[in-house]
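A.B. asks: Below you'll find coords-v1.cif; it's mmCIF, C-alpha atoms.
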data_protein
#
loop_
_atom_site.label_atom_id
_atom_site.label_comp_id
_atom_site.auth_asym_id
_atom_site.auth_seq_id
_atom_site.Cartn_x
_atom_site.Cartn_y
_atom_site.Cartn_z
CA MET A 1 0.00 0.00 0.00
CA ILE A 2 0.90 3.64 -0.50
CA ASP A 3 0.18 6.46 1.96
CA LEU A 4 1.58 9.90 1.19
CA HIS A 5 -0.05 11.91 4.00
CA SER A 6 0.93 11.26 7.62
CA HIS A 7 2.06 13.17 10.69
CA THR A 8 4.44 12.50 13.57
CA TYR A 9 4.63 14.11 17.00
CA GLU A 10 6.98 16.67 15.49
CA SER A 11 3.84 18.46 14.29
CA ASP A 12 0.33 17.48 15.40
CA GLY A 13 0.46 13.68 15.36
CA THR A 14 1.02 11.47 18.40
CA SER A 15 3.51 8.90 17.02
CA SER A 16 7.27 9.34 17.10
CA PRO A 17 8.96 8.95 13.69
CA SER A 18 10.09 5.41 14.56
CA GLU A 19 6.62 4.52 15.86
CA LEU A 20 5.10 5.80 12.63
CA ILE A 21 7.40 3.53 10.63
CA GLY A 22 6.30 0.64 12.86
CA GLU A 23 2.65 1.51 12.14
CA ALA A 24 3.42 1.52 8.42
CA VAL A 25 4.97 -1.95 8.61
CA ARG A 26 1.99 -3.32 10.57
CA ALA A 27 -0.46 -1.76 8.10
CA GLY A 28 1.39 -3.09 5.06
CA VAL A 29 2.32 0.38 3.81
CA ARG A 30 5.44 0.07 1.65
CA VAL A 31 5.64 3.73 0.52
CA LEU A 32 5.13 6.39 3.19
CA GLY A 33 5.08 10.17 2.91
CA ILE A 34 5.67 12.11 6.13
CA THR A 35 4.03 15.50 5.76
CA ASP A 36 4.39 17.24 9.10
CA HIS A 37 3.19 20.84 9.31
CA ASP A 38 5.94 23.35 8.53
CA THR A 39 8.78 21.07 9.60
CA PHE A 40 11.03 18.28 8.33
CA LYS A 41 12.03 17.04 11.79
CA GLY A 42 9.84 13.94 11.61
CA TYR A 43 10.99 13.07 8.10
CA ASP A 44 14.64 13.61 8.99
CA SER A 45 14.37 11.34 12.04
CA ALA A 46 12.48 8.59 10.19
CA GLY A 47 15.16 7.90 7.60
CA GLU A 48 17.12 5.23 9.43
CA PRO A 49 14.07 3.36 10.86
CA ALA A 50 12.49 3.38 7.38
CA ARG A 51 15.62 1.92 5.76
CA ALA A 52 15.85 -0.76 8.42
CA ALA A 53 12.18 -1.68 7.93
CA GLY A 54 12.28 -1.63 4.13
CA VAL A 55 9.77 1.23 3.89
CA GLU A 56 10.28 3.73 1.06
CA LEU A 57 10.14 7.20 2.61
CA VAL A 58 8.89 10.16 0.56
CA CYS A 59 10.04 13.64 1.58
CA GLY A 60 6.95 15.74 2.20
CA ILE A 61 5.61 18.72 4.10
CA GLU A 62 2.22 20.33 4.72
CA LEU A 63 2.16 24.12 4.56
CA SER A 64 -0.52 26.44 5.92
CA THR A 65 -1.24 29.17 3.37
CA LYS A 66 -3.83 31.86 2.78
CA LEU A 67 -6.19 32.06 -0.19
CA HIS A 68 -8.80 34.83 -0.21
CA GLU A 69 -8.11 35.29 3.54
CA ARG A 70 -8.96 31.64 4.23
CA SER A 71 -6.52 28.94 5.33
CA VAL A 72 -5.67 26.43 2.60
CA HIS A 73 -3.21 23.59 3.14
CA LEU A 74 -0.62 22.76 0.54
CA LEU A 75 1.39 19.54 0.31
CA GLY A 76 4.92 19.52 -1.05
CA TYR A 77 6.54 16.27 -2.25
CA PHE A 78 9.92 15.08 -3.54
CA LEU A 79 11.54 18.32 -2.41
CA GLY A 80 15.15 18.57 -3.52
CA ASN A 81 14.80 15.65 -5.91
CA HIS A 82 15.00 17.63 -9.14
CA ASP A 83 16.75 20.84 -8.17
CA GLY A 84 19.84 19.74 -6.29
CA HIS A 85 20.43 20.75 -2.70
CA ASN A 86 20.58 24.52 -3.16
CA GLY A 87 16.86 24.95 -3.75
CA PHE A 88 16.02 22.60 -0.91
CA ASP A 89 18.35 24.38 1.51
CA GLU A 90 16.68 27.67 0.66
CA PHE A 91 13.28 26.08 1.22
CA ARG A 92 14.32 24.75 4.63
CA GLY A 93 15.37 28.26 5.63
CA TRP A 94 12.01 29.63 4.53
CA VAL A 95 10.21 26.92 6.53
CA ALA A 96 12.14 28.01 9.63
CA ASP A 97 10.64 31.49 9.17
CA GLN A 98 7.15 29.95 9.11
CA GLN A 99 7.90 28.24 12.41
CA ALA A 100 8.67 31.64 13.94
CA SER A 101 5.25 32.93 12.89
CA ARG A 102 3.65 29.85 14.46
CA LEU A 103 5.35 30.61 17.79
CA ASP A 104 4.10 34.20 17.66
CA ARG A 105 0.55 32.93 17.08
CA ASN A 106 0.83 30.46 19.95
CA ILE A 107 1.88 33.19 22.38
CA ARG A 108 -1.17 35.23 21.41
CA LEU A 109 -3.46 32.17 21.44
CA ALA A 110 -2.45 31.26 25.01
CA ALA A 111 -3.16 34.84 26.08
CA ARG A 112 -6.55 34.81 24.34
CA LEU A 113 -7.62 31.54 25.99
CA GLN A 114 -6.59 32.94 29.36
CA GLU A 115 -8.76 36.00 28.64
CA LEU A 116 -11.65 33.58 28.10
CA GLY A 117 -11.07 32.05 31.53
CA PHE A 118 -9.03 28.95 30.66
CA ASP A 119 -6.10 28.02 32.88
CA ILE A 120 -3.86 27.06 29.96
CA THR A 121 -0.30 28.22 29.38
CA LEU A 122 1.98 28.27 26.37
CA GLU A 123 4.47 26.11 28.26
CA GLU A 124 1.87 23.37 28.77
CA ALA A 125 0.99 23.36 25.07
CA GLN A 126 4.66 23.26 24.10
CA ALA A 127 5.22 20.26 26.36
CA LEU A 128 2.66 18.40 24.25
CA GLY A 129 3.66 19.84 20.88
CA ARG A 130 7.42 19.59 21.11
CA GLY A 131 8.99 21.72 18.36
CA MET A 132 5.80 22.34 16.40
CA THR A 133 3.05 23.32 18.82
CA GLY A 134 -0.30 24.04 17.19
CA ARG A 135 -3.99 24.39 17.93
CA PRO A 136 -4.50 20.62 18.42
CA HIS A 137 -2.22 20.75 21.45
CA PHE A 138 -4.23 23.57 23.01
CA ALA A 139 -7.36 21.53 22.23
CA ARG A 140 -5.91 18.47 24.02
CA LEU A 141 -5.26 20.60 27.11
CA MET A 142 -8.84 21.85 27.04
CA VAL A 143 -10.08 18.26 27.00
CA GLU A 144 -7.67 17.08 29.69
CA LYS A 145 -8.69 19.93 32.00
CA GLY A 146 -12.40 19.30 31.48
CA TYR A 147 -13.23 22.54 29.71
CA VAL A 148 -14.68 20.72 26.69
CA ALA A 149 -15.92 17.19 26.06
CA ASN A 150 -13.70 16.40 23.10
CA LEU A 151 -11.30 17.82 20.51
CA ARG A 152 -14.10 18.58 18.07
CA GLN A 153 -15.86 20.79 20.61
CA ALA A 154 -12.60 22.58 21.39
CA PHE A 155 -12.26 23.55 17.73
CA ASP A 156 -15.93 24.25 17.06
CA ASP A 157 -16.39 26.49 20.10
CA TYR A 158 -12.96 28.10 20.51
CA LEU A 159 -10.19 27.33 18.00
CA ASP A 160 -11.58 27.25 14.45
CA GLU A 161 -11.27 30.34 12.30
CA SER A 162 -14.81 31.53 13.11
CA ALA A 163 -14.65 30.63 16.84
CA LYS A 164 -14.21 33.08 19.69
CA GLY A 165 -10.76 31.90 20.77
CA TYR A 166 -9.17 32.05 17.31
CA VAL A 167 -6.20 34.34 16.74
CA TYR A 168 -4.76 35.21 13.37
CA ARG A 169 -1.51 33.65 12.24
CA ARG A 170 0.69 35.23 9.61
CA GLU A 171 0.76 32.71 6.77
CA PRO A 172 2.19 32.91 3.25
CA GLN A 173 -0.16 33.40 0.36
CA PHE A 174 -1.07 30.22 -1.52
CA ALA A 175 0.80 31.33 -4.64
CA GLU A 176 3.98 31.92 -2.64
CA GLY A 177 3.75 28.48 -1.04
CA VAL A 178 3.37 26.85 -4.47
CA ALA A 179 6.26 28.85 -5.89
CA ARG A 180 8.51 27.89 -2.98
CA VAL A 181 7.72 24.18 -3.35
CA ARG A 182 8.23 24.25 -7.11
CA ARG A 183 11.50 26.21 -6.79
CA ALA A 184 12.77 23.50 -4.43
CA GLY A 185 12.11 20.90 -7.11
CA GLY A 186 8.93 19.59 -5.52
CA ILE A 187 5.38 18.72 -6.52
CA ALA A 188 2.80 21.13 -5.08
CA SER A 189 -0.49 19.37 -4.27
CA LEU A 190 -3.73 20.86 -2.95
CA ALA A 191 -4.34 19.08 0.37
CA HIS A 192 -7.75 17.54 1.19
CA PRO A 193 -9.60 19.77 -1.30
CA VAL A 194 -12.95 18.83 0.22
CA ARG A 195 -12.01 21.12 3.14
CA VAL A 196 -11.30 24.13 0.95
CA HIS A 197 -13.81 26.93 1.47
CA GLY A 198 -15.61 27.81 -1.72
CA ASP A 199 -16.26 26.13 -5.06
CA VAL A 200 -13.10 24.12 -5.80
CA PRO A 201 -13.85 23.61 -9.52
CA ALA A 202 -14.35 27.37 -9.89
CA LEU A 203 -11.06 28.04 -8.05
CA MET A 204 -8.99 25.69 -10.20
CA PRO A 205 -7.96 28.17 -12.93
CA GLU A 206 -6.60 30.53 -10.25
CA LEU A 207 -4.81 27.71 -8.42
CA CYS A 208 -3.25 26.36 -11.60
CA ASP A 209 -2.19 29.85 -12.70
CA ALA A 210 -0.31 30.00 -9.38
CA GLY A 211 1.65 26.91 -10.43
CA LEU A 212 -0.26 24.13 -8.65
CA ASN A 213 0.66 20.86 -10.33
CA ALA A 214 -1.11 18.20 -8.24
CA ILE A 215 -4.26 17.56 -6.21
CA GLU A 216 -4.91 15.16 -3.33
CA ALA A 217 -7.80 13.17 -4.81
CA TYR A 218 -7.52 10.27 -2.33
CA HIS A 219 -8.08 11.24 1.31
CA SER A 220 -9.86 9.87 4.37
CA ASP A 221 -12.32 12.79 4.28
CA HIS A 222 -13.37 12.05 0.69
CA ASP A 223 -16.35 9.93 -0.25
CA PRO A 224 -16.38 8.23 -3.69
CA HIS A 225 -18.11 11.24 -5.27
CA ASP A 226 -15.46 13.62 -3.91
CA THR A 227 -12.64 11.39 -5.14
CA GLN A 228 -14.11 11.18 -8.64
CA LEU A 229 -14.63 14.94 -8.77
CA PHE A 230 -11.00 15.61 -7.91
CA LEU A 231 -9.76 12.93 -10.31
CA ASP A 232 -11.80 14.60 -13.06
CA LEU A 233 -10.32 18.00 -12.16
CA ALA A 234 -6.83 16.52 -12.26
CA LYS A 235 -7.48 15.18 -15.74
CA ARG A 236 -9.02 18.42 -16.97
CA TYR A 237 -6.12 20.59 -15.75
CA GLY A 238 -3.28 18.16 -16.34
CA LEU A 239 -2.47 17.75 -12.64
CA LYS A 240 -0.71 14.88 -10.93
CA VAL A 241 -2.69 13.00 -8.28
CA THR A 242 -1.60 12.39 -4.69
CA GLY A 243 -3.31 10.60 -1.84
CA GLY A 244 -3.02 9.63 1.80
CA SER A 245 -4.82 8.89 5.01
CA ASP A 246 -3.80 12.07 6.91
CA PHE A 247 -2.85 9.78 9.79
CA HIS A 248 -2.36 11.57 13.15
CA GLY A 249 -2.41 8.66 15.58
CA GLU A 250 -4.53 9.19 18.71
CA VAL A 251 -5.65 12.64 17.54
CA LYS A 252 -7.71 10.94 14.80
CA PRO A 253 -8.36 7.48 16.29
CA GLY A 254 -10.60 6.31 13.44
CA VAL A 255 -8.08 7.06 10.68
CA PHE A 256 -5.54 4.33 9.86
CA LEU A 257 -2.44 4.33 7.72
CA GLY A 258 -3.06 3.02 4.23
CA THR A 259 -6.80 2.45 4.62
CA GLY A 260 -8.11 5.74 5.99
CA TYR A 261 -11.41 5.94 7.84
CA ASP A 262 -13.26 2.64 8.08
CA GLY A 263 -11.40 1.34 5.02
CA ASN A 264 -12.53 4.17 2.74
CA LEU A 265 -9.06 4.89 1.32
CA ARG A 266 -7.91 2.97 -1.75
CA ILE A 267 -4.83 4.43 -3.37
CA PRO A 268 -3.90 2.83 -6.73
CA GLU A 269 -0.68 0.86 -6.69
CA ASP A 270 0.62 2.75 -9.75
CA LEU A 271 0.27 6.16 -8.10
CA MET A 272 4.00 6.53 -7.43
CA GLU A 273 4.89 5.55 -10.99
CA ARG A 274 2.56 8.27 -12.30
CA LEU A 275 3.93 10.85 -9.87
CA ARG A 276 7.46 10.16 -11.00
CA GLY A 277 6.54 10.17 -14.67
#
I'd like the structure from this file rewritten - as structure tokens, please.

C.D. replies:
Amino acid sequence: MIDLHSHTYESDGTSSPSELIGEAVRAGVRVLGITDHDTFKGYDSAGEPARAAGVELVCGIELSTKLHERSVHLLGYFLGNHDGHNGFDEFRGWVADQQASRLDRNIRLAARLQELGFDITLEEAQALGRGMTGRPHFARLMVEKGYVANLRQAFDDYLDESAKGYVYRREPQFAEGVARVRRAGGIASLAHPVRVHGDVPALMPELCDAGLNAIEAYHSDHDPHDTQLFLDLAKRYGLKVTGGSDFHGEVKPGVFLGTGYDGNLRIPEDLMERLRG
């Protein structure tokens, strides 16, 4: 099996890089993409365990970008493969700048939650989030301290973009994210397009004009109709197709590597061949 969308505890997953490789072996995943948010720490640490286990590791990342003032996630794959190390080194430096903006947001988010009456500190969130603390770690604290019943309620009531605890984070524009990925020799894929606000088919000319060259048609959030829609869009606009479970471990207990949610993920075995073509 192939799974090109997964997260370690270096971003908002709960598995260490070596544990994630172990999960891949147990699930029968032979090609694994690690796509942590705004960091390569998980991918870098997984190299040796993957080689020892015989798992092919794909270099990936998930970037948070802005499109029409809404957050849109962008996946980058095979970074550095086609452009030597110079472009990839530049990209890594740019990613480090994005991490700084995340820290700034987290400082303001902790202050906002305290204003709302929650006894939650930045230090507590960072203890959970390691080097890449994000909103899911604040949500876990809210659950653990009994402020909300579950992670979904934490986001719906306080942390989502329209919720009262949300604070703005400086994010690159979508076109810049695509350009950075492409300049580093990578494939730029629209992540879980079913989550994109607005009419995705209507947005496609703008996204492709920005340099987008792939779309994540296969995802745990997609039903068969969604998958077919995105496959049709890929064909119409000459895009490559990517796919993955978006595995996060305990954060998304119903989503499994390789098979998604309740077995709804079926990634074709020739996907990698077509991506490399």

A.B. asks: As an exercise, work out the distance from atom CA of His222 of chain A to atom CA of His137 of chain A in Å and give it to one decimal place.

C.D. replies: 25.1 Å

A.B. asks: Between A:Ile2, A:Ala139, A:Val255, A:Ala163, single out the one closest to Gly28 of chain A, counting all atoms listed in the file.

C.D. replies: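 Looking only at the distances to Gly28 of chain A, the closest residue turns out to be A:Ile2.
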
A.B. asks: When the PyMOL selection byres ((chain A and resi 164-170) around 7) is applied to the structure above, which residues does it catch, written out as a PDB file with C-alpha atoms, keeping the file's coordinate frame?

C.D. replies:
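Below you can see expr-v3.pdb, which holds the result:
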ATOM      1  CA  SER A 101       5.250  32.930  12.890  1.00  0.00           C
ATOM      2  CA  ARG A 102       3.650  29.850  14.460  1.00  0.00           C
ATOM      3  CA  ARG A 105       0.550  32.930  17.080  1.00  0.00           C
ATOM      4  CA  ARG A 108      -1.170  35.230  21.410  1.00  0.00           C
ATOM      5  CA  LEU A 109      -3.460  32.170  21.440  1.00  0.00           C
ATOM      6  CA  ARG A 112      -6.550  34.810  24.340  1.00  0.00           C
ATOM      7  CA  LEU A 113      -7.620  31.540  25.990  1.00  0.00           C
ATOM      8  CA  ASP A 157     -16.390  26.490  20.100  1.00  0.00           C
ATOM      9  CA  TYR A 158     -12.960  28.100  20.510  1.00  0.00           C
ATOM     10  CA  LEU A 159     -10.190  27.330  18.000  1.00  0.00           C
ATOM     11  CA  ASP A 160     -11.580  27.250  14.450  1.00  0.00           C
ATOM     12  CA  GLU A 161     -11.270  30.340  12.300  1.00  0.00           C
ATOM     13  CA  SER A 162     -14.810  31.530  13.110  1.00  0.00           C
ATOM     14  CA  ALA A 163     -14.650  30.630  16.840  1.00  0.00           C
ATOM     15  CA  GLU A 171       0.760  32.710   6.770  1.00  0.00           C
ATOM     16  CA  PRO A 172       2.190  32.910   3.250  1.00  0.00           C
TER      17      PRO A 172
END

A.B. asks: Take atom CA of Gln153 of chain A and atom CA of Pro253 of chain A and report the distance between them in Å, one decimal.

C.D. replies: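 So the answer is 15.9 Å.
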
A.B. asks: In Å, how far is it from atom CA of Leu122 of chain A to atom CA of Pro17 of chain A?

C.D. replies: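 Going from atom CA of Leu122 of chain A over to atom CA of Pro17 of chain A, I get 24.1 Å.
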
A.B. asks: Using only C-alpha atoms, can you tell me which of A:Thr65, A:Gln98, A:Ser6, A:Thr14 comes closest to Leu257 of chain A?

C.D. replies: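 Selected residue with least distance to Leu257 of chain A: A:Ser6.
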
A.B. asks: If we count all atoms listed in the file, what is near segment 200-213 of chain A at a cut-off of 10 Å, once residues fewer than 2 positions away on the same chain are taken out, given as a ChimeraX atom specification?

C.D. replies: /A:67,74,174-179,181-182,186-190,193-198,215,229-230,232-234,236-241

A.B. asks: Need the shell around Asp270 of chain A: protein/DNA/RNA residues with any atom at most 12 Å away, counting only C-alpha atoms. Skip same-chain ones fewer than 4 positions apart. Format as a PyMOL selection string?

C.D. replies: chain A and resi 1-2+31+241-243+266+274-277

A.B. asks: May I ask which of the residues A:Val251, A:Phe155, A:Gln173, A:Leu265 is the closest one to Arg70 of chain A, counting all atoms listed in the file?

C.D. replies: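 Checking each candidate against Arg70 of chain A, we get A:Gln173 as the closest.
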
A.B. asks: So which one's closest to Arg152 of chain A, A:Lys252, A:Ala184, A:Val25, A:Thr121? Using only C-alpha atoms, please.

C.D. replies: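 Of A:Lys252, A:Ala184, A:Val25, A:Thr121, the one nearest Arg152 of chain A, counting only C-alpha atoms, is A:Lys252.
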
A.B. asks: Please expand the PyMOL selection byres ((chain A and resi 21) around 8) into the concrete residues it hits in this file, giving the result as an MDAnalysis selection string.

C.D. replies: chainID A and resid 17:20 22:25 46 49:50 53 55

A.B. asks: Output C-alpha atoms of each residue in that selection to a file, as a tab-separated table (two decimals), keeping the file's coordinate frame.

C.D. replies:
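Saved to again.tsv:
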chain	number	residue	atom	x	y	z
A	17	PRO	CA	8.96	8.95	13.69
A	18	SER	CA	10.09	5.41	14.56
A	19	GLU	CA	6.62	4.52	15.86
A	20	LEU	CA	5.10	5.80	12.63
A	22	GLY	CA	6.30	0.64	12.86
A	23	GLU	CA	2.65	1.51	12.14
A	24	ALA	CA	3.42	1.52	8.42
A	25	VAL	CA	4.97	-1.95	8.61
A	46	ALA	CA	12.48	8.59	10.19
A	49	PRO	CA	14.07	3.36	10.86
A	50	ALA	CA	12.49	3.38	7.38
A	53	ALA	CA	12.18	-1.68	7.93
A	55	VAL	CA	9.77	1.23	3.89

A.B. asks: Since I can't run it myself right now, could you work out what the PyMOL selection byres ((chain A and resi 44) around 12) selects here and report it as a short mmCIF file (atom, residue, chain, number, x, y, z; two decimals) with C-alpha atoms, keeping the file's coordinate frame?

C.D. replies:
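Once everything was written out, this is part-v3.cif:
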data_model
loop_
_atom_site.label_atom_id
_atom_site.label_comp_id
_atom_site.auth_asym_id
_atom_site.auth_seq_id
_atom_site.Cartn_x
_atom_site.Cartn_y
_atom_site.Cartn_z
CA THR A 8 4.44 12.50 13.57
CA GLU A 10 6.98 16.67 15.49
CA SER A 16 7.27 9.34 17.10
CA PRO A 17 8.96 8.95 13.69
CA SER A 18 10.09 5.41 14.56
CA GLY A 33 5.08 10.17 2.91
CA ILE A 34 5.67 12.11 6.13
CA THR A 35 4.03 15.50 5.76
CA ASP A 36 4.39 17.24 9.10
CA THR A 39 8.78 21.07 9.60
CA PHE A 40 11.03 18.28 8.33
CA LYS A 41 12.03 17.04 11.79
CA GLY A 42 9.84 13.94 11.61
CA TYR A 43 10.99 13.07 8.10
CA SER A 45 14.37 11.34 12.04
CA ALA A 46 12.48 8.59 10.19
CA GLY A 47 15.16 7.90 7.60
CA GLU A 48 17.12 5.23 9.43
CA PRO A 49 14.07 3.36 10.86
CA ALA A 50 12.49 3.38 7.38
CA LEU A 57 10.14 7.20 2.61
CA VAL A 58 8.89 10.16 0.56
CA CYS A 59 10.04 13.64 1.58
CA GLY A 60 6.95 15.74 2.20
CA ILE A 61 5.61 18.72 4.10
CA ARG A 92 14.32 24.75 4.63
#

A.B. asks: Please identify all polymer residues within 9 Å of Leu151 of chain A, counting only C-alpha atoms, omitting same-chain residues fewer than 3 positions from it, and present them as number ranges by chain.

C.D. replies: A: 136, 139-140, 142-143, 148, 154-156, 251

A.B. asks: Please, could you write that set of residues out with C-alpha atoms as a short mmCIF file (atom, residue, chain, number, x, y, z; two decimals), keeping the file's coordinate frame?

C.D. replies:
data_model
loop_
_atom_site.label_atom_id
_atom_site.label_comp_id
_atom_site.auth_asym_id
_atom_site.auth_seq_id
_atom_site.Cartn_x
_atom_site.Cartn_y
_atom_site.Cartn_z
CA PRO A 136 -4.50 20.62 18.42
CA ALA A 139 -7.36 21.53 22.23
CA ARG A 140 -5.91 18.47 24.02
CA MET A 142 -8.84 21.85 27.04
CA VAL A 143 -10.08 18.26 27.00
CA VAL A 148 -14.68 20.72 26.69
CA ALA A 154 -12.60 22.58 21.39
CA PHE A 155 -12.26 23.55 17.73
CA ASP A 156 -15.93 24.25 17.06
CA VAL A 251 -5.65 12.64 17.54
#

A.B. asks: Hey, which of A:Gly249, A:Gly76, A:Gly258, A:Gly13 ends up closest to Gly185 of chain A? Count all atoms listed in the file.

C.D. replies: A:Gly76

A.B. asks: Taking into account all atoms listed in the file, which residue in the set A:Leu271, A:Ala96, A:Leu103, A:Leu141 is nearest to Phe118 of chain A?

C.D. replies: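 Residue with the minimum atom-to-atom distance to Phe118 of chain A: A:Leu141.
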